[in-house]
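Coordinates from my_file_5.txt are shown below (compact mmCIF, C-alpha atoms).
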# COMPACT_ATOMS: atom_id res chain seq x y z
CA MET A 1182 211.12 81.11 -89.27
CA ASN A 1183 214.15 83.26 -88.89
CA SER A 1184 217.00 82.47 -86.63
CA PHE A 1185 215.65 84.70 -83.90
CA ASP A 1186 212.38 82.81 -83.79
CA HIS A 1187 214.27 79.57 -83.68
CA LEU A 1188 216.32 80.69 -80.66
CA ASP A 1189 213.18 81.94 -79.00
CA GLN A 1190 211.54 78.56 -79.46
CA GLN A 1191 214.57 76.79 -78.04
CA LEU A 1192 214.55 79.01 -74.98
CA ARG A 1193 210.84 78.43 -74.46
CA ASP A 1194 211.41 74.69 -74.61
CA ALA A 1195 214.29 74.92 -72.19
CA PHE A 1196 212.39 76.99 -69.66
CA ARG A 1197 209.17 75.00 -69.92
CA ARG A 1198 208.04 73.75 -66.53
CA VAL A 1199 208.52 70.04 -66.19
CA GLU A 1200 206.92 68.21 -63.30
CA PRO A 1201 209.43 66.07 -61.29
CA PRO A 1202 208.72 62.32 -60.94
CA PRO A 1203 206.46 61.65 -57.94
CA ASP A 1204 209.09 59.57 -56.01
CA LEU A 1205 211.93 62.03 -56.53
CA ALA A 1206 211.80 63.42 -53.02
CA ALA A 1207 211.76 59.98 -51.47
CA ARG A 1208 214.65 58.86 -53.65
CA ILE A 1209 216.71 61.91 -52.68
CA LEU A 1210 215.97 61.41 -49.00
CA ARG A 1211 216.86 57.74 -49.25
CA ARG A 1212 220.20 58.53 -50.82
CA ALA A 1213 220.92 61.16 -48.23
CA GLU A 1214 220.52 58.65 -45.38
CA PRO A 1215 223.75 57.14 -43.97
CA ARG A 1216 224.32 53.61 -45.23
CA ARG A 1217 223.57 50.91 -42.68
CA PRO A 1218 225.79 47.82 -42.60
CA ARG A 1219 224.34 44.77 -44.21
CA ARG A 1220 222.62 42.51 -41.71
CA LEU A 1221 223.45 38.80 -41.53
CA PRO A 1222 220.66 36.51 -42.48
CA ARG A 1223 218.89 35.26 -39.40
CA TRP A 1224 219.74 31.61 -40.00
CA LEU A 1225 223.42 32.47 -40.28
CA ALA A 1226 223.35 34.46 -37.07
CA ALA A 1227 221.58 31.59 -35.30
CA ALA A 1228 224.08 29.05 -36.65
CA ALA A 1229 226.98 31.24 -35.50
CA ALA A 1230 225.44 31.53 -32.04
CA VAL A 1231 224.94 27.76 -31.82
CA LEU A 1232 228.54 27.17 -32.92
CA ALA A 1233 229.86 29.66 -30.39
CA VAL A 1234 227.88 28.05 -27.55
CA ALA A 1235 228.89 24.54 -28.62
CA GLY A 1236 232.55 25.53 -28.95
CA GLY A 1237 232.48 27.23 -25.59
CA SER A 1238 230.84 24.23 -23.96
CA ILE A 1239 233.34 21.79 -25.45
CA GLY A 1240 236.20 24.01 -24.34
CA PHE A 1241 234.78 24.25 -20.84
CA LEU A 1242 234.21 20.50 -20.61
CA ARG A 1243 237.77 19.81 -21.80
CA TRP A 1244 239.16 22.26 -19.29
CA GLN A 1245 237.11 20.68 -16.53
CA GLU A 1246 238.18 17.19 -17.62
CA SER A 1247 241.83 18.20 -17.61
CA ARG A 1248 241.39 19.62 -14.11
CA VAL A 1249 239.84 16.36 -12.89
CA ARG A 1250 242.69 14.39 -14.51
CA ALA A 1251 245.29 16.67 -12.95
CA ARG A 1252 243.66 16.28 -9.53
CA GLU A 1253 243.55 12.48 -9.92
CA ALA A 1254 247.19 12.44 -11.07
CA GLU A 1255 248.17 14.44 -8.00
CA ARG A 1256 246.33 11.96 -5.78
CA VAL A 1257 248.17 9.07 -7.49
CA ARG A 1258 251.48 10.90 -7.06
CA ARG A 1259 250.88 11.38 -3.35
CA GLN A 1260 249.92 7.72 -2.92
CA LEU A 1261 253.10 6.67 -4.72
CA VAL A 1262 255.17 8.92 -2.47
CA LEU A 1263 253.45 7.43 0.57
CA THR A 1264 254.05 3.88 -0.70
CA LEU A 1265 257.72 4.53 -1.30
CA GLU A 1266 258.11 6.23 2.06
CA ILE A 1267 256.44 3.40 3.99
CA THR A 1268 258.26 0.71 2.02
CA SER A 1269 261.58 2.46 2.39
CA ARG A 1270 261.08 3.03 6.11
CA THR A 1271 260.09 -0.59 6.74
CA LEU A 1272 263.02 -1.94 4.75
CA SER A 1273 265.43 0.41 6.51
CA ARG A 1274 264.29 -0.86 9.90
CA THR A 1275 264.57 -4.45 8.72
CA GLU A 1276 268.03 -3.73 7.40
CA GLN A 1277 269.01 -2.20 10.74
CA ARG A 1278 267.80 -5.26 12.59
CA LEU A 1279 269.63 -7.56 10.22
CA ARG A 1280 272.75 -5.47 10.60
CA SER A 1281 272.49 -5.76 14.34
CA ILE A 1282 272.74 -9.54 13.98
CA GLY A 1283 275.61 -9.34 11.53
CA VAL A 1284 273.87 -9.22 8.16
CA GLU A 1285 275.35 -6.42 6.12
CA THR A 1286 272.66 -5.58 3.60
CA ILE A 1287 269.69 -6.95 1.73
CA ARG A 1288 268.87 -6.34 -1.90
CA LEU A 1289 265.38 -7.16 -2.99
CA GLN A 1290 266.25 -7.74 -6.58
CA GLU A 1291 265.69 -10.85 -8.54
CA VAL A 1292 268.88 -12.75 -9.26
CA PRO A 1293 268.98 -14.12 -12.82
CA GLU A 1294 269.32 -17.88 -12.73
CA MET B 328 224.36 -26.30 -9.00
CA LYS B 329 227.12 -27.97 -10.99
CA ARG B 330 227.57 -24.79 -13.03
CA LEU B 331 227.83 -22.79 -9.86
CA LEU B 332 230.56 -25.05 -8.52
CA ILE B 333 232.50 -24.79 -11.78
CA LEU B 334 232.22 -21.00 -11.65
CA ALA B 335 233.36 -20.95 -8.04
CA ALA B 336 236.32 -23.17 -8.89
CA ALA B 337 237.23 -20.89 -11.78
CA LEU B 338 237.12 -17.85 -9.56
CA MET B 339 239.09 -19.41 -6.75
CA PRO B 340 242.59 -18.66 -8.08
CA LEU B 341 241.59 -15.04 -8.58
CA GLY B 342 240.14 -14.82 -5.11
CA ALA B 343 243.15 -16.49 -3.61
CA GLN B 344 245.39 -13.71 -4.86
CA GLN B 345 243.31 -11.05 -3.19
CA ILE B 346 244.51 -9.94 0.19
CA ASP B 347 241.96 -9.61 2.91
CA PHE B 348 242.49 -6.26 4.59
CA SER B 349 239.65 -6.64 7.05
CA TYR B 350 242.15 -7.13 9.89
CA PHE B 351 243.59 -3.68 9.18
CA ASP B 352 240.15 -2.16 8.68
CA LYS B 353 239.13 -3.48 12.10
CA LEU B 354 242.21 -2.01 13.79
CA ALA B 355 242.09 1.32 11.95
CA GLU B 356 239.65 2.69 14.53
CA LYS B 357 242.21 2.23 17.30
CA ALA B 358 245.08 3.73 15.32
CA LYS B 359 246.47 7.20 15.87
CA GLU B 360 247.38 7.42 12.21
CA SER B 361 246.52 5.21 9.29
CA ALA B 362 247.61 5.17 5.70
CA ILE B 363 245.82 3.39 2.91
CA VAL B 364 247.08 3.16 -0.65
CA ASN B 365 245.27 1.45 -3.49
CA LEU B 366 246.82 2.00 -6.88
CA GLY B 367 246.29 0.22 -10.16
CA PRO B 368 248.07 0.34 -13.50
CA GLU B 369 245.48 2.70 -14.98
CA GLN B 370 246.25 5.28 -12.31
CA LEU B 371 249.97 5.02 -12.98
CA ALA B 372 249.25 5.35 -16.70
CA LEU B 373 247.28 8.50 -15.95
CA LEU B 374 250.18 9.96 -14.01
CA ALA B 375 252.53 8.89 -16.81
CA SER B 376 250.44 10.72 -19.37
CA MET B 377 250.93 13.96 -17.48
CA GLN B 378 254.71 13.76 -17.18
CA SER B 379 257.55 14.84 -19.38
CA LYS B 380 259.03 12.38 -21.88
CA GLN B 381 261.52 10.36 -19.81
CA GLY B 382 259.60 10.45 -16.54
CA GLY B 383 256.42 9.52 -18.38
CA LYS B 384 258.20 6.64 -20.11
CA ASP B 385 259.51 5.17 -16.85
CA LEU B 386 256.08 5.42 -15.29
CA ALA B 387 254.39 3.97 -18.37
CA ASP B 388 256.85 1.06 -18.36
CA LEU B 389 256.05 0.40 -14.73
CA ALA B 390 252.33 0.67 -15.40
CA LYS B 391 252.65 -2.09 -18.03
CA THR B 392 253.93 -4.66 -15.53
CA LEU B 393 252.40 -3.41 -12.32
CA LYS B 394 249.01 -4.83 -11.44
CA GLY B 395 248.52 -2.95 -8.24
CA ILE B 396 249.96 -1.41 -5.12
CA GLN B 397 248.21 -1.83 -1.82
CA VAL B 398 249.52 -0.40 1.40
CA ARG B 399 248.08 -0.40 4.88
CA SER B 400 249.97 1.23 7.69
CA LEU B 401 248.68 1.82 11.18
CA GLU B 402 250.37 3.73 13.96
CA PHE B 403 249.15 3.42 17.53
CA ASP B 404 249.55 5.64 20.56
CA ALA B 405 250.69 2.84 22.81
CA PRO B 406 251.82 -0.77 22.53
CA GLY B 407 249.37 -3.60 22.98
CA GLN B 408 246.71 -2.29 20.67
CA TYR B 409 246.80 -5.37 18.47
CA ASP B 410 247.50 -9.07 18.82
CA LEU B 411 250.79 -10.01 17.21
CA ASN B 412 249.64 -13.62 16.84
CA GLU B 413 246.59 -12.47 14.90
CA PHE B 414 248.82 -10.45 12.59
CA ARG B 415 251.08 -13.47 12.09
CA ALA B 416 248.04 -15.60 11.41
CA MET B 417 246.94 -13.12 8.76
CA GLY B 418 250.40 -13.38 7.20
CA GLU B 419 250.18 -17.18 7.24
CA LYS B 420 246.78 -17.01 5.56
CA ILE B 421 248.16 -14.80 2.79
CA LYS B 422 251.15 -17.07 2.33
CA SER B 423 249.06 -20.19 2.10
CA GLY B 424 246.79 -18.72 -0.56
CA GLY B 425 249.07 -16.95 -2.99
CA GLY B 426 252.23 -18.97 -3.50
CA TRP B 427 254.39 -16.62 -1.47
CA MET B 428 257.93 -17.50 -0.55
CA PRO B 429 259.59 -15.78 2.40
CA LEU B 430 262.76 -13.90 1.50
CA VAL B 431 263.52 -12.39 4.85
CA THR B 432 261.93 -13.08 8.18
CA VAL B 433 262.94 -11.25 11.32
CA LYS B 434 261.24 -12.25 14.55
CA GLU B 435 261.87 -10.61 17.86
CA LYS B 436 260.03 -10.62 21.14
CA ASP B 437 257.27 -8.21 20.17
CA GLU B 438 258.24 -7.45 16.61
CA PHE B 439 257.96 -9.28 13.37
CA THR B 440 258.99 -8.50 9.81
CA GLU B 441 258.58 -10.68 6.81
CA ILE B 442 259.43 -9.95 3.20
CA LEU B 443 257.90 -12.35 0.73
CA ILE B 444 258.13 -12.81 -2.99
CA ARG B 445 255.65 -14.52 -5.28
CA LYS B 446 256.75 -16.32 -8.39
CA GLY B 447 254.62 -16.71 -11.45
CA ALA B 448 254.23 -19.75 -13.67
CA ASP B 449 257.27 -18.65 -15.66
CA GLY B 450 259.37 -18.72 -12.52
CA LYS B 451 259.82 -14.96 -12.45
CA GLY B 452 258.88 -12.90 -9.46
CA ASN B 453 255.58 -11.13 -9.90
CA GLY B 454 254.75 -9.88 -6.47
CA LEU B 455 256.24 -8.56 -3.31
CA LEU B 456 254.74 -8.52 0.13
CA ILE B 457 256.11 -6.82 3.22
CA LEU B 458 254.55 -7.52 6.59
CA ALA B 459 255.93 -5.60 9.52
CA ALA B 460 254.72 -5.44 13.09
CA GLU B 461 256.26 -3.23 15.72
CA PRO B 462 254.89 -2.49 19.17
CA LYS B 463 253.17 0.66 17.96
CA GLU B 464 253.02 0.11 14.23
CA LEU B 465 251.64 -2.36 11.73
CA THR B 466 252.53 -2.26 8.04
CA LEU B 467 251.52 -4.24 5.01
CA VAL B 468 252.86 -3.44 1.56
CA HIS B 469 251.67 -5.49 -1.39
CA ILE B 470 253.15 -4.79 -4.80
CA ASP B 471 251.48 -6.96 -7.40
CA GLY B 472 253.20 -7.52 -10.73
CA VAL B 473 256.64 -6.31 -9.70
CA SER B 474 259.11 -8.14 -7.50
CA ASP B 475 262.03 -5.81 -7.96
CA LEU B 476 261.89 -2.78 -5.71
CA ALA B 477 264.62 -1.11 -7.74
CA SER B 478 262.05 -0.55 -10.49
CA LEU B 479 259.91 1.32 -7.99
CA ALA B 480 262.95 3.26 -6.84
CA LYS B 481 263.33 4.54 -10.41
CA LEU B 482 260.25 6.64 -9.77
CA GLY B 483 262.32 8.89 -7.52
CA GLY B 484 262.63 12.27 -9.13
CA ILE B 485 259.62 11.76 -11.40
CA ALA B 486 256.54 13.87 -10.78
CA GLY B 487 258.03 15.33 -7.62
CA ILE B 488 258.47 11.91 -6.00
CA PRO B 489 261.45 12.12 -3.65
CA GLU B 490 264.55 10.06 -4.31
CA ILE B 491 264.54 7.25 -1.76
CA ALA B 492 266.38 4.66 -3.78
CA GLY B 493 268.85 3.78 -1.02
CA ALA B 494 266.54 1.64 1.03
CA LEU B 495 264.79 0.22 -2.00
CA GLY B 496 267.93 -1.26 -3.47
CA GLY B 497 268.16 1.11 -6.40
CA ALA B 498 271.32 2.83 -5.27
CA ARG B 499 273.13 0.33 -3.16
CA LYS B 500 275.42 -2.01 -5.02
CA VAL B 501 276.83 -5.05 -3.30
CA SER B 502 279.11 -7.57 -4.86
CA PRO B 503 277.55 -11.06 -5.15
CA ALA B 504 280.25 -12.56 -2.95
CA LYS B 505 279.25 -10.30 -0.11
CA SER B 506 275.54 -10.18 -0.72
CA ALA B 507 275.04 -13.94 -1.03
CA PRO B 508 275.58 -14.84 2.65
CA SER B 509 273.70 -11.73 3.68
CA LYS B 510 270.40 -13.08 2.37
CA LYS B 511 269.55 -14.78 5.55
CA ASN B 512 266.32 -16.12 6.67
CA ASP B 513 266.26 -16.76 10.36
CA GLU B 514 263.23 -18.95 10.14

Can you dump the structure from the file as structure tokens?
Amino acid sequence: MNSFDHLDQQLRDAFRRVEPPPDLAARILRRAEPRRPRRLPRWLAAAAAVLAVAGGSIGFLRWQESRVRAREAERVRRQLVLTLEITSRTLSRTEQRLRSIGVETIRLQEVPE
Amino acid sequence: MKRLLILAAALMPLGAQQIDFSYFDKLAEKAKESAIVNLGPEQLALLASMQSKQGGKDLADLAKTLKGIQVRSLEFDAPGQYDLNEFRAMGEKIKSGGGWMPLVTVKEKDEFTEILIRKGADGKGNGLLILAAEPKELTLVHIDGVSDLASLAKLGGIAGIPEIAGALGGARKVSPAKSAPSKKNDE
């Protein structure tokens, strides 16, 4: 075999028809598709949802509780104001009466013995 | 039966310290205006927890000693809506049951004011009672656990409570020489 024959054989081999693998088209199409983000496992998604609902509920309950406490504190504050007003008014009148009979002032404080 | 009697005897001192407000409840229907206050230490502690440092501390201190505040105040349209003798009788009933000592008593024709203090076993004051009757107004203030109104006056300025210390003895200072003869009891 001369060198010409050898080249000829090489060319024949190179141009010989080779059948593509049967899944080539599918593989090419698959690669051409845009990549979708990875999906969370279902259990993880469910756990996250449960945590979100529980966290939200706890937050809501705490907010509601703080509102109830604030409302109760306001009620207590008003009652204290009313108590001090009534007490002060009554003592002032008593003081006025005592003054009218010559008593200068009264101090309702305990005197240490 | 014996057990029941022992239980009743054990509960008697507790019951004796309770003030019967039924007289006020009965008259409340006739009143033009009525005010009712019932406060306990836990409510003061709640208010204390929601205040700033100093205000909260003063309130918390008060809540430690205070057992309760009860106020009944009735205002009528016209005189003669209540029986002054009945009111006095109610005062006498309270006095006889709780170891109250009158500090100040002012009696006039159709008016009556009495300020009483209760002393505990340790000899320290642990309660204050104010009974006041005017032609068109009836007032009862019971402060249990505190006998010094100046400590209540300290609340002025805390939590938006107005400063009314003057009449409560928090602001006024009188020298002992002058104040001693002023503590009169006209009874």

Q) Hey, can you check how far atom CA of Leu374 of chain B sits from atom CA of Ala1254 of chain A? A)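 According to the coordinates, atom CA of Leu374 of chain B and atom CA of Ala1254 of chain A are separated by 4.9 Å.
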
Write out as JSON an axis-aligned box for segment 1261-1273 of chain A: all of its atoms listed in the file, 8 Å added on each side, centre and edge lengths in Å with one decimal.
{"center_x": 259.3, "center_y": 3.5, "center_z": 1.0, "size_x": 28.3, "size_y": 26.9, "size_z": 27.5}

Q) Expressed in Å to a single decimal, how great is the separation between atom CA of Leu430 of chain B and atom CA of Glu360 of chain B? A)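 Going from atom CA of Leu430 of chain B over to atom CA of Glu360 of chain B covers 28.4 Å.
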
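Put simply, atom CA of Ala460 of chain B is 7.3 Å away from atom CA of Leu411 of chain B.
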
(Q) Set the distance at 10 Å and use all atoms listed in the file: which residues neighbour Gly418 of chain B once local chain neighbours fewer than 5 positions away are removed? I'd like the list as an NGL selection string. (A) :B and (346 or 412-413 or 423 or 441 or 443 or 456-459 or 467)

Dump as a PDB file, in the coordinates of the input, selection limited to C-alpha atoms:
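Produced file selection09.pdb, reproduced below:
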ATOM      1  CA  ILE B 346     244.510  -9.940   0.190  1.00  0.00           C
ATOM      2  CA  ASN B 412     249.640 -13.620  16.840  1.00  0.00           C
ATOM      3  CA  GLU B 413     246.590 -12.470  14.900  1.00  0.00           C
ATOM      4  CA  SER B 423     249.060 -20.190   2.100  1.00  0.00           C
ATOM      5  CA  GLU B 441     258.580 -10.680   6.810  1.00  0.00           C
ATOM      6  CA  LEU B 443     257.900 -12.350   0.730  1.00  0.00           C
ATOM      7  CA  LEU B 456     254.740  -8.520   0.130  1.00  0.00           C
ATOM      8  CA  ILE B 457     256.110  -6.820   3.220  1.00  0.00           C
ATOM      9  CA  LEU B 458     254.550  -7.520   6.590  1.00  0.00           C
ATOM     10  CA  ALA B 459     255.930  -5.600   9.520  1.00  0.00           C
ATOM     11  CA  LEU B 467     251.520  -4.240   5.010  1.00  0.00           C
TER      12      LEU B 467
END

Q) Which one is closest to Lys394 of chain B: B:Gly447, B:Pro462, B:Gly367, B:Gly424? Count all atoms listed in the file. A)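 Between B:Gly447, B:Pro462, B:Gly367, B:Gly424, the residue approaching Lys394 of chain B most closely is B:Gly367.
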
Q.
Need to verify the contact set: segment 1237-1251 of chain A, 12 Å, only C-alpha atoms, exclusion of same-chain residues closer than 2 positions in sequence. Can you return it as a PyMOL selection string?
A. (chain A and resi 1230-1235+1253-1258) or (chain B and resi 370-378+486)

(Q) Need to verify the contact set: Glu461 of chain B, 7 Å, all atoms listed in the file, exclusion of same-chain residues closer than 4 positions in sequence. Can you return it as a PyMOL selection string? (A) chain B and resi 437-439+465

Mind dumping the selected residues with C-alpha atoms as a PDB file, keeping the file's coordinate frame?
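Contents of result-v2.pdb, freshly written:
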ATOM      1  CA  ASP B 437     257.270  -8.210  20.170  1.00  0.00           C
ATOM      2  CA  GLU B 438     258.240  -7.450  16.610  1.00  0.00           C
ATOM      3  CA  PHE B 439     257.960  -9.280  13.370  1.00  0.00           C
ATOM      4  CA  LEU B 465     251.640  -2.360  11.730  1.00  0.00           C
TER       5      LEU B 465
END

(Q) Please determine, counting only C-alpha atoms, which residue among B:Leu401, B:Val468, B:Phe414, B:Gly426 has the shortest atom-to-atom distance to Ala448 of chain B. (A) B:Gly426

(Q) List as a count of residues only the protein and nucleic acid residues near Arg445 of chain B, meaning an atom at most 7 Å away when only C-alpha atoms are counted, but skip any in the same chain fewer than 6 places from it. (A) 7

**Q.** For chain A, the nearest of the candidates B:Tyr409, B:Pro368, B:Ile421, B:Glu356, counting all atoms listed in the file
**A.**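 Smallest separation from chain A among the options: B:Pro368.
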
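Using only C-alpha atoms for every distance, the candidate list B:Ile470, B:Ala387, B:Val398, B:Met417 yields B:Val398 as the residue closest to chain A.
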
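With all atoms listed in the file as the atoms that count, the minimum distance from chain B to the choices A:Leu1221, A:Val1262, A:Ile1282, A:Leu1205 is reached by A:Val1262.
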
Q) Taking into account only C-alpha atoms, which residue in the set B:Val473, B:Val364, B:Pro406, B:Ala358 is nearest to chain A? A) B:Val364
